[in-house]
Every structure is written in C-alpha cells, then in structure tokens.
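Engineer: My file is target.pdb. It has PDB, C-alpha atoms and all ligand atoms:
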ATOM      1  CA  MET K 255     -40.740 187.360 150.389
ATOM      2  CA  PRO K 256     -37.138 186.192 151.048
ATOM      3  CA  LEU K 257     -35.526 183.209 149.293
ATOM      4  CA  VAL K 258     -37.145 179.941 150.386
ATOM      5  CA  ASN K 259     -35.923 176.349 150.670
ATOM      6  CA  SER K 260     -37.637 173.621 148.679
ATOM      7  CA  LYS K 261     -39.369 171.719 151.500
ATOM      8  CA  GLU K 262     -42.880 173.154 151.372
ATOM      9  CA  LEU K 263     -42.771 173.702 147.621
ATOM     10  CA  PHE K 264     -42.097 169.978 147.099
ATOM     11  CA  GLU K 265     -44.770 168.888 149.585
ATOM     12  CA  LYS K 266     -47.416 170.816 147.669
ATOM     13  CA  ALA K 267     -46.034 169.729 144.288
ATOM     14  CA  TYR K 268     -46.103 166.064 145.325
ATOM     15  CA  LYS K 269     -49.678 166.270 146.577
ATOM     16  CA  GLU K 270     -50.982 168.129 143.552
ATOM     17  CA  GLY K 271     -49.091 166.228 140.859
ATOM     18  CA  TYR K 272     -46.825 168.828 139.333
ATOM     19  CA  ALA K 273     -43.094 169.603 139.349
ATOM     20  CA  ILE K 274     -41.113 172.768 139.932
ATOM     21  CA  GLY K 275     -38.718 173.878 137.235
ATOM     22  CA  ALA K 276     -35.081 174.130 138.237
ATOM     23  CA  PHE K 277     -33.494 176.402 135.689
ATOM     24  CA  ASN K 278     -29.764 177.034 135.482
ATOM     25  CA  CYS K 279     -28.661 180.642 135.436
ATOM     26  CA  ASN K 280     -25.394 182.268 134.447
ATOM     27  CA  ASN K 281     -26.203 185.905 133.707
ATOM     28  CA  MET K 282     -28.700 188.692 134.306
ATOM     29  CA  GLU K 283     -30.787 188.146 131.180
ATOM     30  CA  ILE K 284     -31.360 184.474 131.980
ATOM     31  CA  VAL K 285     -32.344 185.281 135.578
ATOM     32  CA  GLN K 286     -34.778 187.930 134.328
ATOM     33  CA  ALA K 287     -36.257 185.695 131.626
ATOM     34  CA  ILE K 288     -36.907 182.822 134.049
ATOM     35  CA  THR K 289     -38.338 184.895 136.873
ATOM     36  CA  GLU K 290     -40.468 187.172 134.680
ATOM     37  CA  ALA K 291     -41.954 184.074 133.055
ATOM     38  CA  ALA K 292     -42.611 182.500 136.468
ATOM     39  CA  LYS K 293     -44.215 185.730 137.659
ATOM     40  CA  GLU K 294     -46.572 185.858 134.672
ATOM     41  CA  CYS K 295     -47.475 182.194 135.241
ATOM     42  CA  ASN K 296     -47.827 182.641 139.028
ATOM     43  CA  SER K 297     -45.394 179.763 139.584
ATOM     44  CA  PRO K 298     -42.731 178.981 142.191
ATOM     45  CA  VAL K 299     -39.293 178.509 140.679
ATOM     46  CA  ILE K 300     -35.825 177.166 141.468
ATOM     47  CA  LEU K 301     -32.787 179.045 140.182
ATOM     48  CA  GLN K 302     -29.766 176.821 140.226
ATOM     49  CA  VAL K 303     -26.103 177.511 139.924
ATOM     50  CA  SER K 304     -23.507 175.014 138.740
ATOM     51  CA  ALA K 305     -19.759 175.031 139.346
ATOM     52  CA  GLY K 306     -19.358 176.380 135.796
ATOM     53  CA  ALA K 307     -21.778 179.249 136.506
ATOM     54  CA  ARG K 308     -19.875 180.133 139.674
ATOM     55  CA  LYS K 309     -16.656 180.238 137.710
ATOM     56  CA  TYR K 310     -18.190 182.295 134.872
ATOM     57  CA  ALA K 311     -20.174 184.874 136.839
ATOM     58  CA  LYS K 312     -18.740 184.688 140.407
ATOM     59  CA  PRO K 313     -20.985 183.529 143.272
ATOM     60  CA  VAL K 314     -21.581 187.040 144.630
ATOM     61  CA  TYR K 315     -23.012 188.273 141.311
ATOM     62  CA  LEU K 316     -25.291 185.267 140.996
ATOM     63  CA  LYS K 317     -26.551 185.629 144.565
ATOM     64  CA  LYS K 318     -27.253 189.354 144.176
ATOM     65  CA  MET K 319     -29.015 188.844 140.842
ATOM     66  CA  VAL K 320     -31.263 186.194 142.352
ATOM     67  CA  GLU K 321     -31.985 188.470 145.322
ATOM     68  CA  ALA K 322     -32.879 191.214 142.864
ATOM     69  CA  ALA K 323     -35.302 188.812 141.157
ATOM     70  CA  VAL K 324     -36.929 188.014 144.505
ATOM     71  CA  GLU K 325     -37.344 191.718 145.202
ATOM     72  CA  ASP K 326     -38.606 192.430 141.709
ATOM     73  CA  THR K 327     -41.144 189.592 141.469
ATOM     74  CA  GLY K 328     -42.112 188.759 145.069
ATOM     75  CA  LEU K 329     -42.088 185.073 144.082
ATOM     76  CA  PRO K 330     -41.038 182.153 146.282
ATOM     77  CA  ILE K 331     -37.619 181.460 144.732
ATOM     78  CA  VAL K 332     -35.142 178.758 145.771
ATOM     79  CA  LEU K 333     -31.432 179.454 145.231
ATOM     80  CA  HIS K 334     -29.929 176.015 144.694
ATOM     81  CA  LEU K 335     -26.407 174.682 144.174
ATOM     82  CA  ASP K 336     -26.400 172.242 141.246
ATOM     83  CA  HIS K 337     -23.949 169.300 141.456
ATOM     84  CA  GLY K 338     -21.946 170.219 144.528
ATOM     85  CA  ALA K 339     -18.921 167.953 144.222
ATOM     86  CA  ASP K 340     -17.853 167.859 147.880
ATOM     87  CA  PHE K 341     -18.724 168.975 151.408
ATOM     88  CA  GLU K 342     -16.672 172.174 151.127
ATOM     89  CA  ILE K 343     -18.533 173.659 148.156
ATOM     90  CA  CYS K 344     -21.893 172.833 149.780
ATOM     91  CA  LYS K 345     -20.771 174.449 153.051
ATOM     92  CA  ASP K 346     -19.554 177.496 151.146
ATOM     93  CA  CYS K 347     -22.921 177.943 149.463
ATOM     94  CA  ILE K 348     -24.901 177.346 152.671
ATOM     95  CA  ASP K 349     -22.767 179.935 154.469
ATOM     96  CA  GLY K 350     -23.216 182.266 151.504
ATOM     97  CA  GLY K 351     -27.021 182.256 151.682
ATOM     98  CA  PHE K 352     -28.113 179.465 149.319
ATOM     99  CA  THR K 353     -31.390 177.931 150.491
ATOM    100  CA  SER K 354     -30.813 174.510 148.928
ATOM    101  CA  VAL K 355     -27.800 172.456 147.813
ATOM    102  CA  MET K 356     -27.119 169.298 145.872
ATOM    103  CA  ILE K 357     -24.307 167.031 146.968
ATOM    104  CA  ASP K 358     -23.449 164.780 144.052
ATOM    105  CA  CYS K 359     -21.355 161.780 145.062
ATOM    106  CA  SER K 360     -23.212 159.488 142.683
ATOM    107  CA  SER K 361     -19.961 158.452 140.999
ATOM    108  CA  LYS K 362     -18.544 157.268 144.344
ATOM    109  CA  PRO K 363     -19.199 153.898 146.033
ATOM    110  CA  PHE K 364     -22.541 153.608 147.898
ATOM    111  CA  GLU K 365     -21.066 153.844 151.410
ATOM    112  CA  GLU K 366     -18.968 156.881 150.515
ATOM    113  CA  ASN K 367     -21.974 158.576 148.885
ATOM    114  CA  ILE K 368     -23.921 157.991 152.118
ATOM    115  CA  ALA K 369     -21.129 159.283 154.373
ATOM    116  CA  ILE K 370     -20.555 162.546 152.477
ATOM    117  CA  THR K 371     -24.267 163.203 151.879
ATOM    118  CA  LYS K 372     -24.955 162.684 155.599
ATOM    119  CA  LYS K 373     -22.269 165.194 156.532
ATOM    120  CA  VAL K 374     -23.788 167.815 154.204
ATOM    121  CA  VAL K 375     -27.303 167.096 155.505
ATOM    122  CA  GLU K 376     -26.215 167.538 159.134
ATOM    123  CA  TYR K 377     -24.598 170.868 158.338
ATOM    124  CA  ALA K 378     -27.489 172.115 156.178
ATOM    125  CA  HIS K 379     -30.240 171.128 158.581
ATOM    126  CA  ALA K 380     -28.454 172.699 161.567
ATOM    127  CA  HIS K 381     -28.229 175.977 159.640
ATOM    128  CA  LYS K 382     -30.740 178.693 160.446
ATOM    129  CA  PRO K 383     -32.828 178.909 158.359
ATOM    130  CA  TYR K 384     -32.959 175.238 157.388
ATOM    131  CA  VAL K 385     -31.288 174.477 154.056
ATOM    132  CA  THR K 386     -32.649 171.579 151.993
ATOM    133  CA  VAL K 387     -30.338 168.951 150.476
ATOM    134  CA  GLU K 388     -30.641 166.919 147.282
ATOM    135  CA  ALA K 389     -28.434 163.876 146.609
ATOM    136  CA  GLU K 390     -28.108 161.452 143.715
ATOM    137  CA  LEU K 391     -28.128 157.689 143.237
ATOM    138  CA  GLY K 392     -27.316 156.273 139.823
ATOM    139  CA  THR K 393     -25.413 158.147 137.105
ATOM    140  CA  LEU K 394     -26.556 160.022 134.010
ATOM    141  CA  ALA K 395     -24.708 160.017 130.725
ATOM    142  CA  GLY K 396     -23.711 163.279 129.045
ATOM    143  CA  ILE K 397     -21.909 166.504 129.863
ATOM    144  CA  GLU K 398     -22.949 169.277 132.228
ATOM    145  CA  ASP K 399     -20.194 171.745 133.004
ATOM    146  CA  GLU K 400     -17.720 169.770 135.138
ATOM    147  CA  VAL K 401     -19.838 166.588 135.219
ATOM    148  CA  LYS K 402     -18.915 164.276 132.351
ATOM    149  CA  VAL K 403     -20.032 160.672 131.918
ATOM    150  CA  GLU K 404     -19.419 158.768 128.681
ATOM    151  CA  HIS K 405     -22.433 157.230 126.970
ATOM    152  CA  GLY K 406     -22.396 153.586 128.013
ATOM    153  CA  ALA K 407     -20.940 154.346 131.475
ATOM    154  CA  GLU K 408     -24.265 155.539 132.905
ATOM    155  CA  SER K 409     -26.204 153.374 135.368
ATOM    156  CA  TYR K 410     -29.890 153.346 136.326
ATOM    157  CA  THR K 411     -30.828 153.887 139.956
ATOM    158  CA  ASN K 412     -31.267 150.609 141.829
ATOM    159  CA  PRO K 413     -34.604 150.833 143.691
ATOM    160  CA  ASP K 414     -33.285 148.370 146.297
ATOM    161  CA  GLN K 415     -30.871 151.067 147.533
ATOM    162  CA  VAL K 416     -33.124 154.102 147.835
ATOM    163  CA  GLU K 417     -34.781 153.431 151.198
ATOM    164  CA  GLU K 418     -31.522 152.733 152.969
ATOM    165  CA  PHE K 419     -29.900 155.766 151.347
ATOM    166  CA  VAL K 420     -32.636 158.194 152.349
ATOM    167  CA  LYS K 421     -32.975 156.789 155.856
ATOM    168  CA  ARG K 422     -29.255 156.838 156.624
ATOM    169  CA  THR K 423     -28.560 160.268 155.116
ATOM    170  CA  GLY K 424     -31.714 162.178 156.091
ATOM    171  CA  VAL K 425     -31.652 163.843 152.660
ATOM    172  CA  ASP K 426     -34.668 165.955 151.555
ATOM    173  CA  SER K 427     -34.903 164.864 147.909
ATOM    174  CA  LEU K 428     -33.206 162.391 145.597
ATOM    175  CA  ALA K 429     -32.117 162.637 141.975
ATOM    176  CA  ILE K 430     -32.461 159.314 140.204
ATOM    177  CA  ALA K 431     -31.294 157.969 136.856
ATOM    178  CA  ILE K 432     -34.118 156.630 134.681
ATOM    179  CA  GLY K 433     -32.743 157.431 131.248
ATOM    180  CA  THR K 434     -32.458 161.224 131.137
ATOM    181  CA  SER K 435     -29.036 162.602 130.259
ATOM    182  CA  HIS K 436     -27.080 165.863 130.463
ATOM    183  CA  GLY K 437     -26.494 168.213 127.508
ATOM    184  CA  ALA K 438     -28.093 168.824 124.102
ATOM    185  CA  TYR K 439     -26.944 165.470 122.698
ATOM    186  CA  LYS K 440     -28.715 163.208 125.115
ATOM    187  CA  PHE K 441     -28.711 160.036 123.082
ATOM    188  CA  ARG K 442     -26.453 158.456 120.486
ATOM    189  CA  PRO K 443     -28.176 157.939 117.120
ATOM    190  CA  GLU K 444     -27.890 154.151 117.541
ATOM    191  CA  GLN K 445     -29.982 154.375 120.743
ATOM    192  CA  CYS K 446     -32.767 156.092 118.812
ATOM    193  CA  THR K 447     -35.057 155.555 115.887
ATOM    194  CA  ARG K 448     -35.364 158.228 113.221
ATOM    195  CA  ASP K 449     -38.640 159.922 112.292
ATOM    196  CA  PRO K 450     -38.995 159.010 108.609
ATOM    197  CA  LYS K 451     -40.706 162.335 107.786
ATOM    198  CA  THR K 452     -38.479 164.872 109.541
ATOM    199  CA  GLY K 453     -35.260 162.873 109.980
ATOM    200  CA  VAL K 454     -35.257 163.883 113.657
ATOM    201  CA  LEU K 455     -34.063 161.313 116.213
ATOM    202  CA  LEU K 456     -36.690 159.769 118.486
ATOM    203  CA  PRO K 457     -35.103 158.859 121.831
ATOM    204  CA  PRO K 458     -35.687 155.699 123.891
ATOM    205  CA  PRO K 459     -38.490 156.098 126.486
ATOM    206  CA  LEU K 460     -37.738 156.861 130.148
ATOM    207  CA  ARG K 461     -37.785 153.939 132.604
ATOM    208  CA  PHE K 462     -41.069 154.697 134.329
ATOM    209  CA  ASP K 463     -40.953 151.244 135.928
ATOM    210  CA  ILE K 464     -37.944 152.372 138.012
ATOM    211  CA  LEU K 465     -39.651 155.633 139.000
ATOM    212  CA  GLU K 466     -42.756 153.684 140.017
ATOM    213  CA  GLU K 467     -40.728 151.247 142.102
ATOM    214  CA  VAL K 468     -38.746 154.051 143.780
ATOM    215  CA  SER K 469     -41.931 155.908 144.716
ATOM    216  CA  LYS K 470     -43.398 152.715 146.187
ATOM    217  CA  ARG K 471     -40.340 152.343 148.408
ATOM    218  CA  LEU K 472     -40.400 156.041 149.380
ATOM    219  CA  PRO K 473     -44.037 157.133 149.614
ATOM    220  CA  GLY K 474     -44.464 160.902 149.548
ATOM    221  CA  PHE K 475     -40.743 161.515 149.011
ATOM    222  CA  PRO K 476     -39.751 164.086 146.334
ATOM    223  CA  ILE K 477     -37.781 162.768 143.359
ATOM    224  CA  VAL K 478     -35.633 164.906 141.046
ATOM    225  CA  LEU K 479     -34.856 164.512 137.357
ATOM    226  CA  HIS K 480     -31.639 165.947 135.962
ATOM    227  CA  GLY K 481     -30.799 166.268 132.286
ATOM    228  CA  SER K 482     -34.405 166.960 131.369
ATOM    229  CA  SER K 483     -34.257 169.401 128.519
ATOM    230  CA  SER K 484     -36.380 168.405 125.552
ATOM    231  CA  VAL K 485     -34.147 170.040 122.928
ATOM    232  CA  ASN K 486     -37.218 171.628 121.310
ATOM    233  CA  GLN K 487     -36.694 171.177 117.595
ATOM    234  CA  GLU K 488     -38.139 174.608 116.737
ATOM    235  CA  TYR K 489     -35.049 176.211 118.330
ATOM    236  CA  VAL K 490     -32.637 173.704 116.784
ATOM    237  CA  LYS K 491     -34.205 174.537 113.418
ATOM    238  CA  ILE K 492     -33.849 178.305 113.907
ATOM    239  CA  ILE K 493     -30.207 177.849 114.953
ATOM    240  CA  ASN K 494     -29.398 175.598 111.999
ATOM    241  CA  GLU K 495     -31.182 177.888 109.545
ATOM    242  CA  HIS K 496     -29.192 180.878 110.746
ATOM    243  CA  GLY K 497     -25.661 179.603 110.486
ATOM    244  CA  GLY K 498     -25.606 177.034 113.301
ATOM    245  CA  ALA K 499     -24.657 173.370 113.057
ATOM    246  CA  LEU K 500     -26.412 171.234 115.660
ATOM    247  CA  LYS K 501     -26.674 167.808 114.142
ATOM    248  CA  ASP K 502     -28.781 165.170 115.872
ATOM    249  CA  ALA K 503     -29.323 167.224 119.032
ATOM    250  CA  VAL K 504     -32.120 165.422 120.840
ATOM    251  CA  GLY K 505     -33.766 165.539 124.273
ATOM    252  CA  VAL K 506     -36.419 163.985 126.482
ATOM    253  CA  PRO K 507     -39.932 164.305 125.001
ATOM    254  CA  GLU K 508     -42.048 166.785 126.923
ATOM    255  CA  GLU K 509     -45.031 164.465 127.338
ATOM    256  CA  GLN K 510     -42.804 162.009 129.229
ATOM    257  CA  LEU K 511     -41.695 164.781 131.576
ATOM    258  CA  ARG K 512     -45.323 165.779 132.122
ATOM    259  CA  GLN K 513     -46.059 162.188 133.081
ATOM    260  CA  ALA K 514     -43.099 162.121 135.512
ATOM    261  CA  ALA K 515     -44.315 165.400 137.063
ATOM    262  CA  ARG K 516     -47.691 163.800 137.773
ATOM    263  CA  MET K 517     -45.884 161.005 139.614
ATOM    264  CA  ALA K 518     -43.252 161.433 142.387
ATOM    265  CA  VAL K 519     -41.038 163.853 140.452
ATOM    266  CA  CYS K 520     -41.156 167.293 142.126
ATOM    267  CA  LYS K 521     -38.133 168.978 140.496
ATOM    268  CA  ILE K 522     -37.158 168.910 136.834
ATOM    269  CA  ASN K 523     -33.813 170.397 135.787
ATOM    270  CA  ILE K 524     -33.713 172.382 132.574
ATOM    271  CA  ASP K 525     -30.548 173.983 131.225
ATOM    272  CA  SER K 526     -29.800 173.081 127.590
ATOM    273  CA  ASP K 527     -33.248 174.272 126.446
ATOM    274  CA  LEU K 528     -32.522 177.756 127.820
ATOM    275  CA  ARG K 529     -29.182 177.832 126.021
ATOM    276  CA  LEU K 530     -30.820 176.793 122.761
ATOM    277  CA  ALA K 531     -33.559 179.438 123.059
ATOM    278  CA  MET K 532     -31.011 182.171 123.840
ATOM    279  CA  THR K 533     -28.832 181.112 120.902
ATOM    280  CA  ALA K 534     -31.814 180.938 118.526
ATOM    281  CA  GLY K 535     -32.858 184.503 119.439
ATOM    282  CA  ILE K 536     -29.356 185.874 119.002
ATOM    283  CA  ARG K 537     -28.607 184.060 115.722
ATOM    284  CA  GLU K 538     -31.912 185.172 114.249
ATOM    285  CA  HIS K 539     -31.242 188.745 115.327
ATOM    286  CA  PHE K 540     -27.787 188.870 113.764
ATOM    287  CA  GLU K 541     -29.018 187.542 110.450
ATOM    288  CA  ALA K 542     -31.908 190.026 110.318
ATOM    289  CA  HIS K 543     -29.785 192.977 111.492
ATOM    290  CA  PRO K 544     -26.155 192.565 110.432
ATOM    291  CA  ASP K 545     -25.585 196.250 111.218
ATOM    292  CA  HIS K 546     -26.489 195.935 114.912
ATOM    293  CA  PHE K 547     -23.772 196.020 117.513
ATOM    294  CA  ASP K 548     -25.582 197.011 120.707
ATOM    295  CA  PRO K 549     -25.603 193.910 122.958
ATOM    296  CA  ARG K 550     -28.953 194.978 124.428
ATOM    297  CA  GLN K 551     -30.541 194.443 121.027
ATOM    298  CA  TYR K 552     -29.411 190.878 120.373
ATOM    299  CA  ILE K 553     -29.200 189.636 123.970
ATOM    300  CA  GLY K 554     -32.633 191.223 124.468
ATOM    301  CA  ASP K 555     -33.990 188.996 121.693
ATOM    302  CA  GLY K 556     -32.331 185.977 123.312
ATOM    303  CA  ARG K 557     -33.923 186.916 126.629
ATOM    304  CA  ALA K 558     -37.367 187.171 125.024
ATOM    305  CA  TYR K 559     -36.969 183.651 123.591
ATOM    306  CA  VAL K 560     -35.876 182.221 126.939
ATOM    307  CA  LYS K 561     -38.871 183.848 128.645
ATOM    308  CA  GLN K 562     -41.275 182.405 126.091
ATOM    309  CA  LEU K 563     -39.718 178.953 126.520
ATOM    310  CA  VAL K 564     -39.928 179.051 130.338
ATOM    311  CA  LYS K 565     -43.621 180.024 130.166
ATOM    312  CA  HIS K 566     -44.225 177.050 127.900
ATOM    313  CA  LYS K 567     -42.345 174.697 130.269
ATOM    314  CA  ILE K 568     -44.230 175.928 133.340
ATOM    315  CA  THR K 569     -47.637 175.681 131.728
ATOM    316  CA  ASP K 570     -47.367 172.690 129.394
ATOM    317  CA  VAL K 571     -44.683 170.484 130.946
ATOM    318  CA  LEU K 572     -44.257 171.130 134.669
ATOM    319  CA  GLY K 573     -47.850 172.101 135.514
ATOM    320  CA  SER K 574     -46.662 174.567 138.190
ATOM    321  CA  ASN K 575     -48.654 177.540 136.876
ATOM    322  CA  ASP K 576     -51.069 179.180 139.350
ATOM    323  CA  LYS K 577     -49.632 177.219 142.280
ATOM    324  CA  ILE K 578     -48.777 180.155 144.528
TER     325      ILE K 578
HETATM  326 ZN    ZN B   1     -27.490 167.539 136.547
END
Is it possible to give me this structure as structure tokens?

Structural biologist:
Amino acid sequence: MPLVNSKELFEKAYKEGYAIGAFNCNNMEIVQAITEAAKECNSPVILQVSAGARKYAKPVYLKKMVEAAVEDTGLPIVLHLDHGADFEICKDCIDGGFTSVMIDCSSKPFEENIAITKKVVEYAHAHKPYVTVEAELGTLAGIEDEVKVEHGAESYTNPDQVEEFVKRTGVDSLAIAIGTSHGAYKFRPEQCTRDPKTGVLLPPPLRFDILEEVSKRLPGFPIVLHGSSSVNQEYVKIINEHGGALKDAVGVPEEQLRQAARMAVCKINIDSDLRLAMTAGIREHFEAHPDHFDPRQYIGDGRAYVKQLVKHKITDVLGSNDKI
C-alpha cells in the first residue's frame, strides 16, 4: 500500500470514536519503533516531520525512511508536515510527496490565517493524489522546534470562529487550543497542584467545554490536538535515576486524551513522550554497561522503549488498535 492522506482514516476514526497517533520522527530508529508498534497493533499511523526534523535529517532521508516503513509494514501511513510556517514550505512538501500538510498561521490575525490557509488548501486539493490540509485556530503555550509561545501568551480557540474558518478555507481538519501545550514542561508549577504523595505536578484539566462547542458547530469534522504528550512519569523517573535532571516535567493525563479521542478529536500529536522513552532507554543502558560504545546497543535499547510506548499509546490512549 502506498502512503495515504488522512481523509478516510479520519472519517472512520470519527465514526468509531478513536484517534490516530501523529508521531514525530527524526531518525531511522524512531520511524522503525513507531511503525513496528503500529504493525503489531494493526493500527493506522501518521508520521510527521517538523521544520527541525527537516533541518536535522534532510527531507529526502525522512521521505525515504517513511517509504521504507510503508514497504516493510504494509500499513496505511500518512506522511505529514507538522507546523508548516508558510505557503512555500507546504508547497515544497506537497511537491516532494507528502500526503498531508499543516499550515500554521495561528499566530497571525484571523483574516491572514484564512487567506494563507485557503491558498495552501487550493494547491493541496488540486494535487494528484489529493493532499489533506490541517490548520490551526488558537495558540498553544510551550516550545516545539521553531514554534515558541511563552506561557501566558497562549489563547484558547474561540468556537465562534471555527465555522467561518472551515467554510472559507475548505481545510480538512483543524487543530484547536483547549489547554494542551508543546514540550515536556507543559505547565508552570503555579498552574498545577502537587500530588502530596509523589510530589509530581497535577496539571489543570483540558477545556472539554470548548471541544464540545466546536464539535457542535462542526458536526462530523475532524479535530486535532497538538502538544499531547503525557510525560509518563515512569520515563522521567528512569531518566532522573540515571543521571538526568528533569524537574517538574509534566504532561496531559492520558485519560483526558482518551476522552478527547472518543469525541471529535481524530488526531493526537505525540513527540515529547517519544523523546523521553528514547532517552530513558539510552541512559539506562549506559549506566548498566559503561564499557559499551556500539551505537546499535544503546540506540537499540532506546528504540525498544519507544516501541513499547507507542504500543501503549495506540492501545490504551488512542484506541486505534485493530482498526485496519
Ligand atoms: Zn504542534
């Protein structure tokens, strides 16, 4: 099966109340971990590439690795551009064989966001085969590669704007801001309460009222959540016990993501959790085997941790297992 766009995957996900994982990839081991996990869970999957990943690995390597994963697994895989900053980068990716792109003009005024998104949609939809487009309304706090928004400068999506935005742009899916945030430090300690037993921060709940309102205004329309790593504390603990120093790293609780996946959310972006799992595997390996110097040994352990994490996400959080 060749790479697919996200249209039919989202239609089925919406109807059946699950979400598809959009995992960021930067190197071969991460691509293998994600797609082998998806294969074992019989799940569709989105591999997404940010501007930072393109800079690190070069677009041609990323594209060929994803094609290799398609050939190796036979899965329906979407190759998606994460946070395309302008028309040019989206066009570049569409011309280069991506099957889905995100145009992110969420930091620009409403009319400008509409104008640029519409231009990308017209180009993508005229392409053969059809390329799907995601846009964003509202802004998330946190840091993701080139996207940086200070805590306090974020804004929730205004449900009064979504219908007009989707109608005028013709976009295929919409990322909204309901309290998720980019990076492994999603919330400031003062936004959270602290678990008295473990000392771990408990984040503020997502704004399900906004999600509900948006889905009422856009029945059947796929919604996307960015910044949706859960910062699983088992990995933070392994990292900190093996020489790391991640203080107060906190994410979105998995049960809240599961709830969102049952509603209109069809795509959930996960990046930081993969990085944490990879780092946990490598740190543990180095402490247990200080004499090792073959990268296959320690990166192999990192890959095994990422695979285990992705299987858990697919089965226990996204609900996309056995959906092929
Ligand atoms: Zn994002």

Engineer: Between K:Gly554, K:Gly392, K:Gly437, K:Gly271, which has the minimum distance to Asp358 in chain K (counting all atoms listed in the file)?

Structural biologist: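 For Asp358 in chain K, the nearest of the given residues is K:Gly392.
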
Engineer: On this file, the PyMOL selection byres (((chain K and resi 476) around 10) and not hetatm) gives some set of residues; write that set as a PyMOL selection string.

Structural biologist: chain K and resi 261+264-265+267-268+273+388+426-429+469+472-475+477-478+517-521

Engineer: Can you write out the residues you just picked, keeping C-alpha atoms, as an mmCIF file, in the frame of the given file?

Structural biologist:
data_model
loop_
_atom_site.group_PDB
_atom_site.id
_atom_site.type_symbol
_atom_site.label_atom_id
_atom_site.label_comp_id
_atom_site.auth_asym_id
_atom_site.auth_seq_id
_atom_site.Cartn_x
_atom_site.Cartn_y
_atom_site.Cartn_z
ATOM 1 C CA LYS K 261 -39.369 171.719 151.500
ATOM 2 C CA PHE K 264 -42.097 169.978 147.099
ATOM 3 C CA GLU K 265 -44.770 168.888 149.585
ATOM 4 C CA ALA K 267 -46.034 169.729 144.288
ATOM 5 C CA TYR K 268 -46.103 166.064 145.325
ATOM 6 C CA ALA K 273 -43.094 169.603 139.349
ATOM 7 C CA GLU K 388 -30.641 166.919 147.282
ATOM 8 C CA ASP K 426 -34.668 165.955 151.555
ATOM 9 C CA SER K 427 -34.903 164.864 147.909
ATOM 10 C CA LEU K 428 -33.206 162.391 145.597
ATOM 11 C CA ALA K 429 -32.117 162.637 141.975
ATOM 12 C CA SER K 469 -41.931 155.908 144.716
ATOM 13 C CA LEU K 472 -40.400 156.041 149.380
ATOM 14 C CA PRO K 473 -44.037 157.133 149.614
ATOM 15 C CA GLY K 474 -44.464 160.902 149.548
ATOM 16 C CA PHE K 475 -40.743 161.515 149.011
ATOM 17 C CA ILE K 477 -37.781 162.768 143.359
ATOM 18 C CA VAL K 478 -35.633 164.906 141.046
ATOM 19 C CA MET K 517 -45.884 161.005 139.614
ATOM 20 C CA ALA K 518 -43.252 161.433 142.387
ATOM 21 C CA VAL K 519 -41.038 163.853 140.452
ATOM 22 C CA CYS K 520 -41.156 167.293 142.126
ATOM 23 C CA LYS K 521 -38.133 168.978 140.496
#

Engineer: Give me, as CSV, each residue of chain K that comes within 9 Å of ligand ZN 1 (chain B), together with its shortest interatomic pair and the distance in Å at one decimal, counting only C-alpha atoms and all ligand atoms, with rows ordered by chain and rising residue number.

Structural biologist:
residue,atom,partner,partner_atom,distance
K:Ser304,CA,B:ZN1,ZN,8.7
K:Asp336,CA,B:ZN1,ZN,6.7
K:His337,CA,B:ZN1,ZN,6.3
K:Asp358,CA,B:ZN1,ZN,9.0
K:Leu394,CA,B:ZN1,ZN,8.0
K:Ile397,CA,B:ZN1,ZN,8.8
K:Glu398,CA,B:ZN1,ZN,6.5
K:Val401,CA,B:ZN1,ZN,7.8
K:Ala429,CA,B:ZN1,ZN,8.7
K:Ser435,CA,B:ZN1,ZN,8.1
K:His436,CA,B:ZN1,ZN,6.3
K:Leu479,CA,B:ZN1,ZN,8.0
K:His480,CA,B:ZN1,ZN,4.5
K:Gly481,CA,B:ZN1,ZN,5.5
K:Ser482,CA,B:ZN1,ZN,8.7
K:Asn523,CA,B:ZN1,ZN,7.0
K:Ile524,CA,B:ZN1,ZN,8.8
K:Asp525,CA,B:ZN1,ZN,8.9

Engineer: When the PyMOL selection byres (((chain K and resi 530) around 8) and not hetatm) is applied to the file above, which residues end up in the set, as a ChimeraX atom specification?

Structural biologist: /K:485,489-490,493,526-529,531-534

Engineer: Using only C-alpha atoms, can you tell me which of K:His405, K:Ser260, K:Ile432, K:Lys293 comes closest to Glu444 in chain K?

Structural biologist: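 Among K:His405, K:Ser260, K:Ile432, K:Lys293, it is K:His405 that comes nearest to Glu444 in chain K.
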
Engineer: Which value, in Å to one decimal, gives the distance between CA of Gly396 in chain K and CA of Val468 in chain K?

Structural biologist: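 A separation of 23.0 Å between them.
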
Engineer: Apply the PyMOL selection byres (((chain K and resi 321) around 12) and not hetatm) to the file shown and report the selected residues as an NGL selection string.

Structural biologist: :K and (255-258 or 282 or 285-286 or 289 or 301 or 314-320 or 322-333 or 351-353)

Engineer: Can you tell me how far CA of Cys344 in chain K sits from CA of Gly424 in chain K, in Å to one decimal?

Structural biologist: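 CA of Gly424 in chain K lies at a distance of 15.8 Å from CA of Cys344 in chain K.
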
Engineer: Which one of K:Glu404, K:Asp414, K:Asp548, K:Asp340 sits closest to Lys373 in chain K if you count all atoms listed in the file?

Structural biologist: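 Going through K:Glu404, K:Asp414, K:Asp548, K:Asp340 one by one, the smallest distance to Lys373 in chain K is for K:Asp340.
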
Engineer: Quote the spacing between CA of Asn278 in chain K and CA of Lys501 in chain K in Å to one decimal place.

Structural biologist: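 So the answer is 23.5 Å.
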
Engineer: Just the residues within 12 Å of Glu342 in chain K, please, counting only C-alpha atoms, with nothing from its chain fewer than 2 positions along; format it as a PyMOL selection string.

Structural biologist: chain K and resi 338-340+344-349+355+357+370-371+373-374+377-378

Engineer: If we count only C-alpha atoms and set the cut-off at 9 Å, which residues sit around Lys577 in chain K, ignoring sequence neighbours fewer than 2 positions away in its own chain? Please answer as a list in words.

Structural biologist: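 Residues near the query, excluding close chain neighbours: Lys266, Ala267, Cys295, Asn296, Ser297, Pro298, Gly573, Ser574 and Asn575 of chain K.
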
Engineer: Ranking K:Ser484, K:Thr411, K:Thr434, K:Gln562 by minimum distance to Ile288 in chain K and counting only C-alpha atoms, which one comes first?

Structural biologist: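 Residue with the minimum atom-to-atom distance to Ile288 in chain K: K:Gln562.
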